[in-house]
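Report on the following structure.
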Amino acid sequence: MKFVDEYRDSEPVRKITEALAQIVSKPWTLMEVCGGQTHSIAKYGIQSLLPSGLTLLHGPGCPVCVTPLDSIDKALQLAARPEVIFCSFGDMLRVPGSEKDLLTVKAEGGDVRMLYSPMDALQVARDHPEKEVVFFAIGFETTAPANAMAIHQAKEEGLINLSFLVSQVIVPPAMTSILESPANRVQGFLAAGHVCTIMGLAEYEPIAEKFRVPIVATGFEPLDILQGIYLCVKQLEEGRAEVENQYSRSVRHEGNAPAQEIMSNVFEIVSREWRGIGAIPQSGLGVREDYAAFDAEKKFSFKACEPKPPSECISGLVLQGIKKPDECPAFGAACTPESPLGATMVSSEGACAAYYRYQKTGL
Amino acid sequence: MCLAVPGKILSISEDEPLMKMGRVSFGGSLRDVNLAYVPDVKVNDYVIVHVGFAISVLDENEAGKIFDYLDQIQEI
Ligand code: SF4
């Protein structure tokens, strides 16, 4: 496939790996902030191609993994209501809430549907005027324009039986929070190529400058990731800390203007809780007052529940790059993709699931 | 869920600007995609698609640069 296969070829991969080995003079620790990259790194065994001493940490880049327990519990309550059709991206269905997951609610008779796009929820709402349709709008900046468009369109059409349980998060405040942590080991970032496709690069510049870390917007194919690592290491070796764009075939400096416009019409910046990490100021998107009628948190009332995260799970440390998945005592034993204890074992972009799935191919 | 993949625009249907749709081929499998965020897209362009929306048009020129870069760093 064009724009895919050429970035998986072994010859250029070999070239960049050799070039990388030549410029590395000391150990460095980098973090990729996108679950898609974590998945590729595990799948193609990229860590094993790197010079020794060069470590990749996997950041909080899987939106499924960082969706807070409180949002999952709200989703479970809504999905169990007889008048509700609860719609979600597929990989949210098995994320454990305090007591169960969405798949269990479905098995118990809840009308839970898996959708490919938030726009599909509009059709479900049109088809079922007698029901309350709720879409679980989670994701990073990559998904926010799609969710924003669905909310905007619901309002345009006056679909009063449709609402959105929004748990959107944004990446730069999470990077800042990692860098501010006393336990931080990250010296350079591979920024998420598709998040940057939407938002552009400007918001990373103050982070690179303030914390003296190189930030390279990076794509998802093996060659992209290796070039992103190369550019990041080259900056570190040369004592530079700049924002660079490896993924220039998709990322423009200013980002995607029409997408940003709808996002900012529908959403405003709010503080959000990240699962396993805790509250990060100004790190989420919430529904603006103009669209409040489509905000499920305002439309429905919820029972308070005591969130009890499973104690063995160290996914918070994994998400901050402090521990690797295989350092978790439950990894592969009490916790597997079939019976996950934490969200990072559920989504294929979660670091625990990626390690579990590909560990035999040499990480 | 964040995996976004490149596909080729086969045809474009224009109703209203926010509902501009395209038929996109991902190595042979077809899907209808919302084109609201790529207003200048043309048939035969490659787009990155995420949860039903094209979020960028891939730039052919930029796409080849990595291979020139590799030749360059090999010569040093
Ligand atoms: S292996 Fe399971 S229990 Fe351990 S951190 Fe990952 S998700 Fe949590």
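Residue numbers start at 1 in each chain; chains themselves are named A, B, ... in the order of the structure tokens; ligands are numbered from 1 in the order shown.
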
Based on DSSP run over this structure's backbone, return all residues of chain B in helix (DSSP H, G or I), as a PyMOL selection string. chain B and resi 17-19+60-75

Tell me the residues of chain A close to chain B, meaning within 9 Å using only C-alpha atoms, as a PDB file with C-alpha atoms, in the first residue's frame.
ATOM      1  CA  MET A   1       0.000   0.000   0.000  1.00  0.00           C
ATOM      2  CA  LYS A   2       1.330   3.424  -0.953  1.00  0.00           C
ATOM      3  CA  PHE A   3       2.434   5.617   1.985  1.00  0.00           C
ATOM      4  CA  VAL A   4       2.732   2.480   4.098  1.00  0.00           C
ATOM      5  CA  PRO A  12      16.006   2.116   4.686  1.00  0.00           C
ATOM      6  CA  LYS A  15      20.336   2.575   6.964  1.00  0.00           C
ATOM      7  CA  ILE A  16      18.720   4.695   9.644  1.00  0.00           C
ATOM      8  CA  GLU A  18      23.214   2.268  11.382  1.00  0.00           C
ATOM      9  CA  ALA A  19      23.221   6.054  11.205  1.00  0.00           C
ATOM     10  CA  CYS A  34       1.091   8.122  21.156  1.00  0.00           C
ATOM     11  CA  GLY A  35      -0.419   4.691  21.639  1.00  0.00           C
ATOM     12  CA  GLY A  36      -0.224   4.103  17.884  1.00  0.00           C
ATOM     13  CA  CYS A  62      -3.682   5.728  24.639  1.00  0.00           C
ATOM     14  CA  PRO A  63      -6.974   7.577  25.157  1.00  0.00           C
ATOM     15  CA  VAL A  64      -8.775   4.399  26.150  1.00  0.00           C
ATOM     16  CA  PHE A  89     -15.765   3.014  20.131  1.00  0.00           C
ATOM     17  CA  GLY A  90     -15.144  -0.715  20.287  1.00  0.00           C
ATOM     18  CA  ASP A  91     -12.090  -0.710  22.509  1.00  0.00           C
ATOM     19  CA  MET A  92     -13.931   0.977  25.392  1.00  0.00           C
ATOM     20  CA  TYR A 116     -16.737   3.277  14.022  1.00  0.00           C
ATOM     21  CA  SER A 117     -17.400   7.021  13.982  1.00  0.00           C
ATOM     22  CA  PRO A 118     -19.269   9.430  16.271  1.00  0.00           C
ATOM     23  CA  MET A 119     -21.239  10.490  13.170  1.00  0.00           C
ATOM     24  CA  GLY A 139     -10.032  10.598  22.741  1.00  0.00           C
ATOM     25  CA  PHE A 140      -7.179  12.994  22.164  1.00  0.00           C
ATOM     26  CA  THR A 142      -7.110  13.508  16.872  1.00  0.00           C
ATOM     27  CA  THR A 143     -10.626  12.406  17.766  1.00  0.00           C
ATOM     28  CA  PRO A 145     -12.776  17.208  15.679  1.00  0.00           C
ATOM     29  CA  ALA A 146     -14.917  14.155  14.882  1.00  0.00           C
ATOM     30  CA  MET A 149     -18.632  17.694  14.416  1.00  0.00           C
ATOM     31  CA  GLN A 153     -24.474  18.380  13.714  1.00  0.00           C
ATOM     32  CA  HIS A 194      -1.851  12.696  14.213  1.00  0.00           C
ATOM     33  CA  THR A 197      -1.782  16.967  12.256  1.00  0.00           C
ATOM     34  CA  ILE A 198      -4.797  18.556  13.947  1.00  0.00           C
ATOM     35  CA  PHE A 220       3.712   5.639  12.908  1.00  0.00           C
ATOM     36  CA  LEU A 223      10.914   4.142   9.422  1.00  0.00           C
ATOM     37  CA  ASP A 224       9.049   7.174  10.790  1.00  0.00           C
ATOM     38  CA  GLN A 227      13.810   8.776  11.983  1.00  0.00           C
ATOM     39  CA  GLN A 246       9.521  14.205  11.071  1.00  0.00           C
ATOM     40  CA  TYR A 247       5.971  13.538   9.825  1.00  0.00           C
ATOM     41  CA  SER A 248       5.830  16.419   7.357  1.00  0.00           C
ATOM     42  CA  ARG A 249       3.781  14.450   4.855  1.00  0.00           C
ATOM     43  CA  SER A 250       0.821  14.908   7.203  1.00  0.00           C
ATOM     44  CA  VAL A 251       1.750  17.573   9.785  1.00  0.00           C
ATOM     45  CA  ASN A 256      -5.686  21.686  10.458  1.00  0.00           C
ATOM     46  CA  ALA A 257      -7.509  25.031  10.692  1.00  0.00           C
ATOM     47  CA  PRO A 258     -11.098  23.909   9.914  1.00  0.00           C
ATOM     48  CA  ALA A 259     -10.805  21.109  12.475  1.00  0.00           C
ATOM     49  CA  SER A 347      -6.612  -1.351  24.053  1.00  0.00           C
ATOM     50  CA  SER A 348      -4.159  -2.549  21.409  1.00  0.00           C
ATOM     51  CA  GLU A 349      -2.515   0.859  21.862  1.00  0.00           C
TER      52      GLU A 349
END

Within 9 Å of ligand 1, which residues of chain A come that close, and what is the closest atom pair and distance in Å for each? Count only C-alpha atoms and all ligand atoms and give it as a Markdown table.
| residue | atom | partner | partner_atom_place_in_ligand_line | distance |
| --- | --- | --- | --- | --- |
| A:Cys65 | CA | ligand 1 | 7 (S) | 8.9 |
| A:Pro310 | CA | ligand 1 | 3 (S) | 7.8 |
| A:Ser311 | CA | ligand 1 | 3 (S) | 8.3 |
| A:Glu312 | CA | ligand 1 | 3 (S) | 5.7 |
| A:Cys313 | CA | ligand 1 | 3 (S) | 3.5 |
| A:Ile314 | CA | ligand 1 | 5 (S) | 4.1 |
| A:Ser315 | CA | ligand 1 | 5 (S) | 3.8 |
| A:Gly316 | CA | ligand 1 | 5 (S) | 7.4 |
| A:Leu317 | CA | ligand 1 | 5 (S) | 7.7 |
| A:Val318 | CA | ligand 1 | 5 (S) | 6.3 |
| A:Leu319 | CA | ligand 1 | 5 (S) | 8.7 |
| A:Lys323 | CA | ligand 1 | 5 (S) | 8.7 |
| A:Lys324 | CA | ligand 1 | 5 (S) | 8.3 |
| A:Pro325 | CA | ligand 1 | 6 (Fe) | 5.4 |
| A:Asp326 | CA | ligand 1 | 1 (S) | 6.9 |
| A:Glu327 | CA | ligand 1 | 4 (Fe) | 7.9 |
| A:Cys328 | CA | ligand 1 | 4 (Fe) | 4.6 |
| A:Pro329 | CA | ligand 1 | 4 (Fe) | 6.5 |
| A:Ala330 | CA | ligand 1 | 4 (Fe) | 4.9 |
| A:Phe331 | CA | ligand 1 | 1 (S) | 3.7 |
| A:Gly332 | CA | ligand 1 | 1 (S) | 6.6 |
| A:Ala333 | CA | ligand 1 | 1 (S) | 8.3 |
| A:Ala334 | CA | ligand 1 | 3 (S) | 7.4 |
| A:Cys335 | CA | ligand 1 | 2 (Fe) | 4.6 |
| A:Thr336 | CA | ligand 1 | 2 (Fe) | 6.7 |
| A:Pro337 | CA | ligand 1 | 2 (Fe) | 8.4 |
| A:Ser339 | CA | ligand 1 | 2 (Fe) | 8.9 |
| A:Pro340 | CA | ligand 1 | 2 (Fe) | 5.9 |
| A:Leu341 | CA | ligand 1 | 3 (S) | 4.9 |
| A:Gly342 | CA | ligand 1 | 7 (S) | 3.6 |
| A:Ala343 | CA | ligand 1 | 7 (S) | 5.6 |
| A:Thr344 | CA | ligand 1 | 7 (S) | 4.7 |
| A:Met345 | CA | ligand 1 | 7 (S) | 4.4 |
| A:Val346 | CA | ligand 1 | 7 (S) | 7.5 |
| A:Gly350 | CA | ligand 1 | 7 (S) | 8.4 |
| A:Ala351 | CA | ligand 1 | 6 (Fe) | 7.5 |
| A:Cys352 | CA | ligand 1 | 6 (Fe) | 4.7 |
| A:Ala353 | CA | ligand 1 | 6 (Fe) | 7.5 |
| A:Tyr356 | CA | ligand 1 | 1 (S) | 8.4 |

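The space between CA of Ile138 in chain A and CA of Pro82 in chain A spans 22.9 Å.
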
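Residues surrounding Asn44 in chain B within 10 Å are Gly7, Lys8, Ile9, Leu10, Ser11, Val24 and Ser25 of chain B [only C-alpha atoms; sequence separation below 5 positions excluded].
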
Would you save the residues of that selection, restricted to all heavy atoms, as an mmCIF file, in the first residue's frame?
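Below is the file that was written, part.cif:
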data_model
loop_
_atom_site.group_PDB
_atom_site.id
_atom_site.type_symbol
_atom_site.label_atom_id
_atom_site.label_comp_id
_atom_site.auth_asym_id
_atom_site.auth_seq_id
_atom_site.Cartn_x
_atom_site.Cartn_y
_atom_site.Cartn_z
ATOM 1 N N GLY B 7 -5.475 6.366 3.003
ATOM 2 C CA GLY B 7 -6.281 5.759 1.947
ATOM 3 C C GLY B 7 -6.381 6.712 0.780
ATOM 4 O O GLY B 7 -6.070 7.905 0.902
ATOM 5 N N LYS B 8 -6.820 6.168 -0.370
ATOM 6 C CA LYS B 8 -6.862 6.962 -1.606
ATOM 7 C C LYS B 8 -8.298 7.370 -1.923
ATOM 8 O O LYS B 8 -9.210 6.535 -1.882
ATOM 9 C CB LYS B 8 -6.289 6.112 -2.737
ATOM 10 C CG LYS B 8 -6.204 6.826 -4.050
ATOM 11 C CD LYS B 8 -5.610 5.885 -5.090
ATOM 12 C CE LYS B 8 -5.513 6.592 -6.437
ATOM 13 N NZ LYS B 8 -4.872 5.743 -7.432
ATOM 14 N N ILE B 9 -8.482 8.649 -2.246
ATOM 15 C CA ILE B 9 -9.822 9.145 -2.585
ATOM 16 C C ILE B 9 -10.220 8.669 -3.979
ATOM 17 O O ILE B 9 -9.547 8.979 -4.964
ATOM 18 C CB ILE B 9 -9.858 10.694 -2.570
ATOM 19 C CG1 ILE B 9 -9.427 11.242 -1.224
ATOM 20 C CG2 ILE B 9 -11.230 11.209 -3.010
ATOM 21 C CD1 ILE B 9 -10.530 11.497 -0.255
ATOM 22 N N LEU B 10 -11.296 7.922 -4.065
ATOM 23 C CA LEU B 10 -11.776 7.436 -5.362
ATOM 24 C C LEU B 10 -12.821 8.378 -5.950
ATOM 25 O O LEU B 10 -12.867 8.590 -7.158
ATOM 26 C CB LEU B 10 -12.388 6.037 -5.212
ATOM 27 C CG LEU B 10 -11.486 4.943 -4.650
ATOM 28 C CD1 LEU B 10 -12.225 3.621 -4.614
ATOM 29 C CD2 LEU B 10 -10.214 4.815 -5.487
ATOM 30 N N SER B 11 -13.694 8.923 -5.102
ATOM 31 C CA SER B 11 -14.713 9.840 -5.611
ATOM 32 C C SER B 11 -15.164 10.746 -4.480
ATOM 33 O O SER B 11 -14.980 10.431 -3.303
ATOM 34 C CB SER B 11 -15.906 9.052 -6.154
ATOM 35 O OG SER B 11 -16.485 8.296 -5.114
ATOM 36 N N VAL B 24 -13.244 6.220 -0.048
ATOM 37 C CA VAL B 24 -11.800 6.053 0.134
ATOM 38 C C VAL B 24 -11.443 4.575 0.113
ATOM 39 O O VAL B 24 -12.136 3.744 0.715
ATOM 40 C CB VAL B 24 -11.343 6.691 1.467
ATOM 41 C CG1 VAL B 24 -9.863 6.457 1.709
ATOM 42 C CG2 VAL B 24 -11.632 8.192 1.475
ATOM 43 N N SER B 25 -10.367 4.269 -0.616
ATOM 44 C CA SER B 25 -9.892 2.886 -0.664
ATOM 45 C C SER B 25 -8.666 2.719 0.236
ATOM 46 O O SER B 25 -7.690 3.458 0.124
ATOM 47 C CB SER B 25 -9.519 2.530 -2.101
ATOM 48 O OG SER B 25 -8.737 1.359 -2.105
#

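Among the candidates A:Glu83, A:Glu130, A:Asp120, A:Glu11, the residue lying nearest to Asp32 in chain B is A:Asp120 (atoms considered: only C-alpha atoms).
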
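Going from CA of Lys131 in chain A to CA of Glu268 in chain A covers 28.3 Å.
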
Residue neighbourhood Glu289 in chain A, 12 Å, only C-alpha atoms, exclusion window fewer than 2 positions, as a PDB file with N, CA, C and O atoms, in the first residue's frame:
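The resulting file, around.pdb, is shown below:
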ATOM      1  N   ASN A 265     -15.284  25.814  18.759  1.00  0.00           N
ATOM      2  CA  ASN A 265     -16.683  26.230  18.895  1.00  0.00           C
ATOM      3  C   ASN A 265     -17.440  25.351  19.887  1.00  0.00           C
ATOM      4  O   ASN A 265     -18.302  25.824  20.617  1.00  0.00           O
ATOM      5  N   VAL A 266     -17.146  24.070  19.856  1.00  0.00           N
ATOM      6  CA  VAL A 266     -17.939  23.110  20.634  1.00  0.00           C
ATOM      7  C   VAL A 266     -17.344  22.869  22.028  1.00  0.00           C
ATOM      8  O   VAL A 266     -18.071  22.704  22.999  1.00  0.00           O
ATOM      9  N   PHE A 267     -16.023  22.852  22.094  1.00  0.00           N
ATOM     10  CA  PHE A 267     -15.355  22.481  23.351  1.00  0.00           C
ATOM     11  C   PHE A 267     -14.621  23.663  23.972  1.00  0.00           C
ATOM     12  O   PHE A 267     -14.168  24.566  23.276  1.00  0.00           O
ATOM     13  N   GLU A 268     -14.458  23.572  25.297  1.00  0.00           N
ATOM     14  CA  GLU A 268     -13.574  24.506  25.993  1.00  0.00           C
ATOM     15  C   GLU A 268     -12.593  23.693  26.835  1.00  0.00           C
ATOM     16  O   GLU A 268     -12.859  22.537  27.167  1.00  0.00           O
ATOM     17  N   GLY A 286     -14.144  20.075  27.498  1.00  0.00           N
ATOM     18  CA  GLY A 286     -15.513  19.882  27.966  1.00  0.00           C
ATOM     19  C   GLY A 286     -16.457  20.584  26.993  1.00  0.00           C
ATOM     20  O   GLY A 286     -16.026  21.432  26.205  1.00  0.00           O
ATOM     21  N   VAL A 287     -17.737  20.244  27.068  1.00  0.00           N
ATOM     22  CA  VAL A 287     -18.724  20.801  26.149  1.00  0.00           C
ATOM     23  C   VAL A 287     -19.063  22.237  26.567  1.00  0.00           C
ATOM     24  O   VAL A 287     -19.335  22.502  27.742  1.00  0.00           O
ATOM     25  N   TYR A 291     -23.756  24.201  23.860  1.00  0.00           N
ATOM     26  CA  TYR A 291     -24.110  22.841  23.453  1.00  0.00           C
ATOM     27  C   TYR A 291     -24.514  21.986  24.656  1.00  0.00           C
ATOM     28  O   TYR A 291     -24.551  20.768  24.565  1.00  0.00           O
ATOM     29  N   ALA A 292     -24.814  22.653  25.783  1.00  0.00           N
ATOM     30  CA  ALA A 292     -25.056  21.919  27.033  1.00  0.00           C
ATOM     31  C   ALA A 292     -26.178  20.886  26.900  1.00  0.00           C
ATOM     32  O   ALA A 292     -26.158  19.845  27.568  1.00  0.00           O
ATOM     33  N   ALA A 293     -27.142  21.137  26.021  1.00  0.00           N
ATOM     34  CA  ALA A 293     -28.254  20.196  25.858  1.00  0.00           C
ATOM     35  C   ALA A 293     -27.778  18.845  25.329  1.00  0.00           C
ATOM     36  O   ALA A 293     -28.490  17.840  25.424  1.00  0.00           O
ATOM     37  N   PHE A 294     -26.552  18.825  24.783  1.00  0.00           N
ATOM     38  CA  PHE A 294     -26.026  17.580  24.212  1.00  0.00           C
ATOM     39  C   PHE A 294     -24.955  16.956  25.099  1.00  0.00           C
ATOM     40  O   PHE A 294     -24.237  16.047  24.689  1.00  0.00           O
ATOM     41  N   ASP A 295     -24.841  17.490  26.309  1.00  0.00           N
ATOM     42  CA  ASP A 295     -23.837  17.001  27.254  1.00  0.00           C
ATOM     43  C   ASP A 295     -24.512  15.990  28.196  1.00  0.00           C
ATOM     44  O   ASP A 295     -25.354  16.369  29.022  1.00  0.00           O
ATOM     45  N   LYS A 298     -24.777  16.615  31.902  1.00  0.00           N
ATOM     46  CA  LYS A 298     -25.785  17.581  32.355  1.00  0.00           C
ATOM     47  C   LYS A 298     -27.190  17.023  32.204  1.00  0.00           C
ATOM     48  O   LYS A 298     -28.093  17.322  32.975  1.00  0.00           O
TER      49      LYS A 298
END

From a backbone DSSP assignment, name each residue in chain B labelled strand (DSSP E), as a ChimeraX atom specification. /B:5-13,21-26,29-34,46-50,53-57

Just write the chosen residues, N, CA and C atoms, as a compact mmCIF listing (two decimals), in the first residue's frame.
# COMPACT_ATOMS: atom_id res chain seq x y z
N VAL B 5 -5.20 5.70 9.35
CA VAL B 5 -4.51 5.06 8.23
C VAL B 5 -4.68 5.84 6.92
N PRO B 6 -3.67 5.71 6.01
CA PRO B 6 -3.80 6.41 4.74
C PRO B 6 -4.66 5.64 3.73
N GLY B 7 -5.47 6.37 3.00
CA GLY B 7 -6.28 5.76 1.95
C GLY B 7 -6.38 6.71 0.78
N LYS B 8 -6.82 6.17 -0.37
CA LYS B 8 -6.86 6.96 -1.61
C LYS B 8 -8.30 7.37 -1.92
N ILE B 9 -8.48 8.65 -2.25
CA ILE B 9 -9.82 9.14 -2.58
C ILE B 9 -10.22 8.67 -3.98
N LEU B 10 -11.30 7.92 -4.07
CA LEU B 10 -11.78 7.44 -5.36
C LEU B 10 -12.82 8.38 -5.95
N SER B 11 -13.69 8.92 -5.10
CA SER B 11 -14.71 9.84 -5.61
C SER B 11 -15.16 10.75 -4.48
N ILE B 12 -15.73 11.89 -4.86
CA ILE B 12 -16.18 12.88 -3.87
C ILE B 12 -17.62 13.25 -4.17
N SER B 13 -18.43 13.27 -3.14
CA SER B 13 -19.80 13.73 -3.36
C SER B 13 -20.03 14.96 -2.51
N MET B 21 -18.53 14.23 1.45
CA MET B 21 -18.10 12.86 1.72
C MET B 21 -17.22 12.34 0.58
N GLY B 22 -16.36 11.41 0.88
CA GLY B 22 -15.53 10.81 -0.16
C GLY B 22 -15.53 9.31 0.00
N ARG B 23 -15.38 8.61 -1.13
CA ARG B 23 -15.21 7.17 -1.05
C ARG B 23 -13.70 6.92 -1.06
N VAL B 24 -13.24 6.22 -0.05
CA VAL B 24 -11.80 6.05 0.13
C VAL B 24 -11.44 4.58 0.11
N SER B 25 -10.37 4.27 -0.62
CA SER B 25 -9.89 2.89 -0.66
C SER B 25 -8.67 2.72 0.24
N PHE B 26 -8.76 1.75 1.13
CA PHE B 26 -7.62 1.40 1.98
C PHE B 26 -7.08 0.09 1.45
N SER B 29 -10.06 -2.09 0.41
CA SER B 29 -11.34 -2.07 1.12
C SER B 29 -11.85 -0.63 1.18
N LEU B 30 -13.15 -0.47 0.95
CA LEU B 30 -13.72 0.85 0.72
C LEU B 30 -14.50 1.34 1.92
N ARG B 31 -14.49 2.66 2.10
CA ARG B 31 -15.24 3.26 3.19
C ARG B 31 -15.64 4.68 2.80
N ASP B 32 -16.80 5.13 3.25
CA ASP B 32 -17.20 6.52 3.03
C ASP B 32 -16.67 7.36 4.17
N VAL B 33 -16.04 8.47 3.81
CA VAL B 33 -15.31 9.26 4.79
C VAL B 33 -15.76 10.72 4.71
N ASN B 34 -15.89 11.37 5.85
CA ASN B 34 -16.26 12.78 5.90
C ASN B 34 -15.04 13.64 5.52
N TYR B 46 -4.19 11.09 -1.44
CA TYR B 46 -4.19 10.18 -0.29
C TYR B 46 -4.49 10.98 0.98
N VAL B 47 -5.35 10.45 1.81
CA VAL B 47 -5.71 11.15 3.04
C VAL B 47 -5.48 10.23 4.24
N ILE B 48 -5.23 10.86 5.40
CA ILE B 48 -5.18 10.10 6.65
C ILE B 48 -6.60 10.12 7.23
N VAL B 49 -7.11 8.95 7.55
CA VAL B 49 -8.49 8.87 8.03
C VAL B 49 -8.52 8.37 9.48
N HIS B 50 -9.29 9.09 10.29
CA HIS B 50 -9.44 8.71 11.70
C HIS B 50 -10.90 8.83 12.10
N PHE B 53 -13.25 10.50 9.62
CA PHE B 53 -12.90 11.81 9.08
C PHE B 53 -11.51 11.79 8.46
N ALA B 54 -11.39 12.42 7.28
CA ALA B 54 -10.05 12.66 6.74
C ALA B 54 -9.47 13.83 7.51
N ILE B 55 -8.27 13.65 8.08
CA ILE B 55 -7.69 14.74 8.88
C ILE B 55 -6.52 15.44 8.17
N SER B 56 -5.98 14.82 7.11
CA SER B 56 -4.97 15.54 6.32
C SER B 56 -4.85 14.90 4.95
N VAL B 57 -4.37 15.71 4.00
CA VAL B 57 -4.02 15.20 2.68
C VAL B 57 -2.52 14.97 2.70

Tell me which protein, DNA and RNA residues are within 10 Å of Lys100 in chain A, counting only C-alpha atoms, leaving out same-chain ones fewer than 4 positions away, and put them as JSON, numbers by chain. {"A": [72, 73, 76, 94, 95, 96, 104, 105]}

Hey, can you spit out that residue selection with all heavy atoms as an mmCIF file, in the first residue's frame?
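Writing the result to part23.cif gives the following:
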data_model
loop_
_atom_site.group_PDB
_atom_site.id
_atom_site.type_symbol
_atom_site.label_atom_id
_atom_site.label_comp_id
_atom_site.auth_asym_id
_atom_site.auth_seq_id
_atom_site.Cartn_x
_atom_site.Cartn_y
_atom_site.Cartn_z
ATOM 1 N N ILE A 72 -15.932 5.977 33.121
ATOM 2 C CA ILE A 72 -16.349 4.606 32.788
ATOM 3 C C ILE A 72 -17.568 4.239 33.643
ATOM 4 O O ILE A 72 -18.547 3.666 33.138
ATOM 5 C CB ILE A 72 -15.224 3.575 33.075
ATOM 6 C CG1 ILE A 72 -13.895 4.019 32.491
ATOM 7 C CG2 ILE A 72 -15.624 2.172 32.625
ATOM 8 C CD1 ILE A 72 -13.611 3.662 31.095
ATOM 9 N N ASP A 73 -17.515 4.583 34.931
ATOM 10 C CA ASP A 73 -18.646 4.250 35.813
ATOM 11 C C ASP A 73 -19.916 4.980 35.366
ATOM 12 O O ASP A 73 -21.010 4.408 35.412
ATOM 13 C CB ASP A 73 -18.300 4.566 37.274
ATOM 14 C CG ASP A 73 -17.327 3.542 37.861
ATOM 15 O OD1 ASP A 73 -17.217 2.443 37.275
ATOM 16 O OD2 ASP A 73 -16.676 3.829 38.878
ATOM 17 N N LEU A 76 -21.236 3.126 32.434
ATOM 18 C CA LEU A 76 -21.892 1.874 32.837
ATOM 19 C C LEU A 76 -23.300 2.154 33.351
ATOM 20 O O LEU A 76 -24.241 1.404 33.033
ATOM 21 C CB LEU A 76 -21.064 1.164 33.915
ATOM 22 C CG LEU A 76 -19.687 0.672 33.441
ATOM 23 C CD1 LEU A 76 -18.848 0.205 34.622
ATOM 24 C CD2 LEU A 76 -19.836 -0.441 32.421
ATOM 25 N N ARG A 94 -14.320 -3.186 26.888
ATOM 26 C CA ARG A 94 -13.746 -4.117 27.865
ATOM 27 C C ARG A 94 -12.925 -3.415 28.939
ATOM 28 O O ARG A 94 -12.270 -4.061 29.750
ATOM 29 C CB ARG A 94 -12.947 -5.184 27.135
ATOM 30 C CG ARG A 94 -13.856 -6.001 26.221
ATOM 31 C CD ARG A 94 -13.218 -7.240 25.664
ATOM 32 N NE ARG A 94 -12.618 -8.035 26.696
ATOM 33 C CZ ARG A 94 -11.310 -8.211 26.820
ATOM 34 N NH1 ARG A 94 -10.486 -7.659 25.979
ATOM 35 N NH2 ARG A 94 -10.845 -8.941 27.785
ATOM 36 N N VAL A 95 -12.955 -2.087 28.934
ATOM 37 C CA VAL A 95 -12.190 -1.368 29.962
ATOM 38 C C VAL A 95 -12.900 -1.523 31.307
ATOM 39 O O VAL A 95 -14.082 -1.209 31.434
ATOM 40 C CB VAL A 95 -12.072 0.132 29.615
ATOM 41 C CG1 VAL A 95 -11.359 0.882 30.721
ATOM 42 C CG2 VAL A 95 -11.336 0.306 28.296
ATOM 43 N N PRO A 96 -12.188 -2.050 32.315
ATOM 44 C CA PRO A 96 -12.857 -2.290 33.590
ATOM 45 C C PRO A 96 -13.259 -0.998 34.304
ATOM 46 O O PRO A 96 -12.451 -0.094 34.453
ATOM 47 C CB PRO A 96 -11.814 -3.061 34.411
ATOM 48 C CG PRO A 96 -10.530 -2.959 33.685
ATOM 49 C CD PRO A 96 -10.796 -2.518 32.279
ATOM 50 N N THR A 104 -20.146 -6.458 29.871
ATOM 51 C CA THR A 104 -20.966 -7.151 30.870
ATOM 52 C C THR A 104 -22.357 -6.536 30.922
ATOM 53 O O THR A 104 -23.362 -7.256 30.975
ATOM 54 C CB THR A 104 -20.297 -7.074 32.262
ATOM 55 O OG1 THR A 104 -18.938 -7.471 32.108
ATOM 56 C CG2 THR A 104 -20.982 -7.947 33.274
ATOM 57 N N VAL A 105 -22.414 -5.203 30.893
ATOM 58 C CA VAL A 105 -23.721 -4.535 30.900
ATOM 59 C C VAL A 105 -24.533 -4.984 29.677
ATOM 60 O O VAL A 105 -25.733 -5.227 29.753
ATOM 61 C CB VAL A 105 -23.551 -2.996 30.914
ATOM 62 C CG1 VAL A 105 -24.890 -2.293 30.772
ATOM 63 C CG2 VAL A 105 -22.857 -2.553 32.186
#
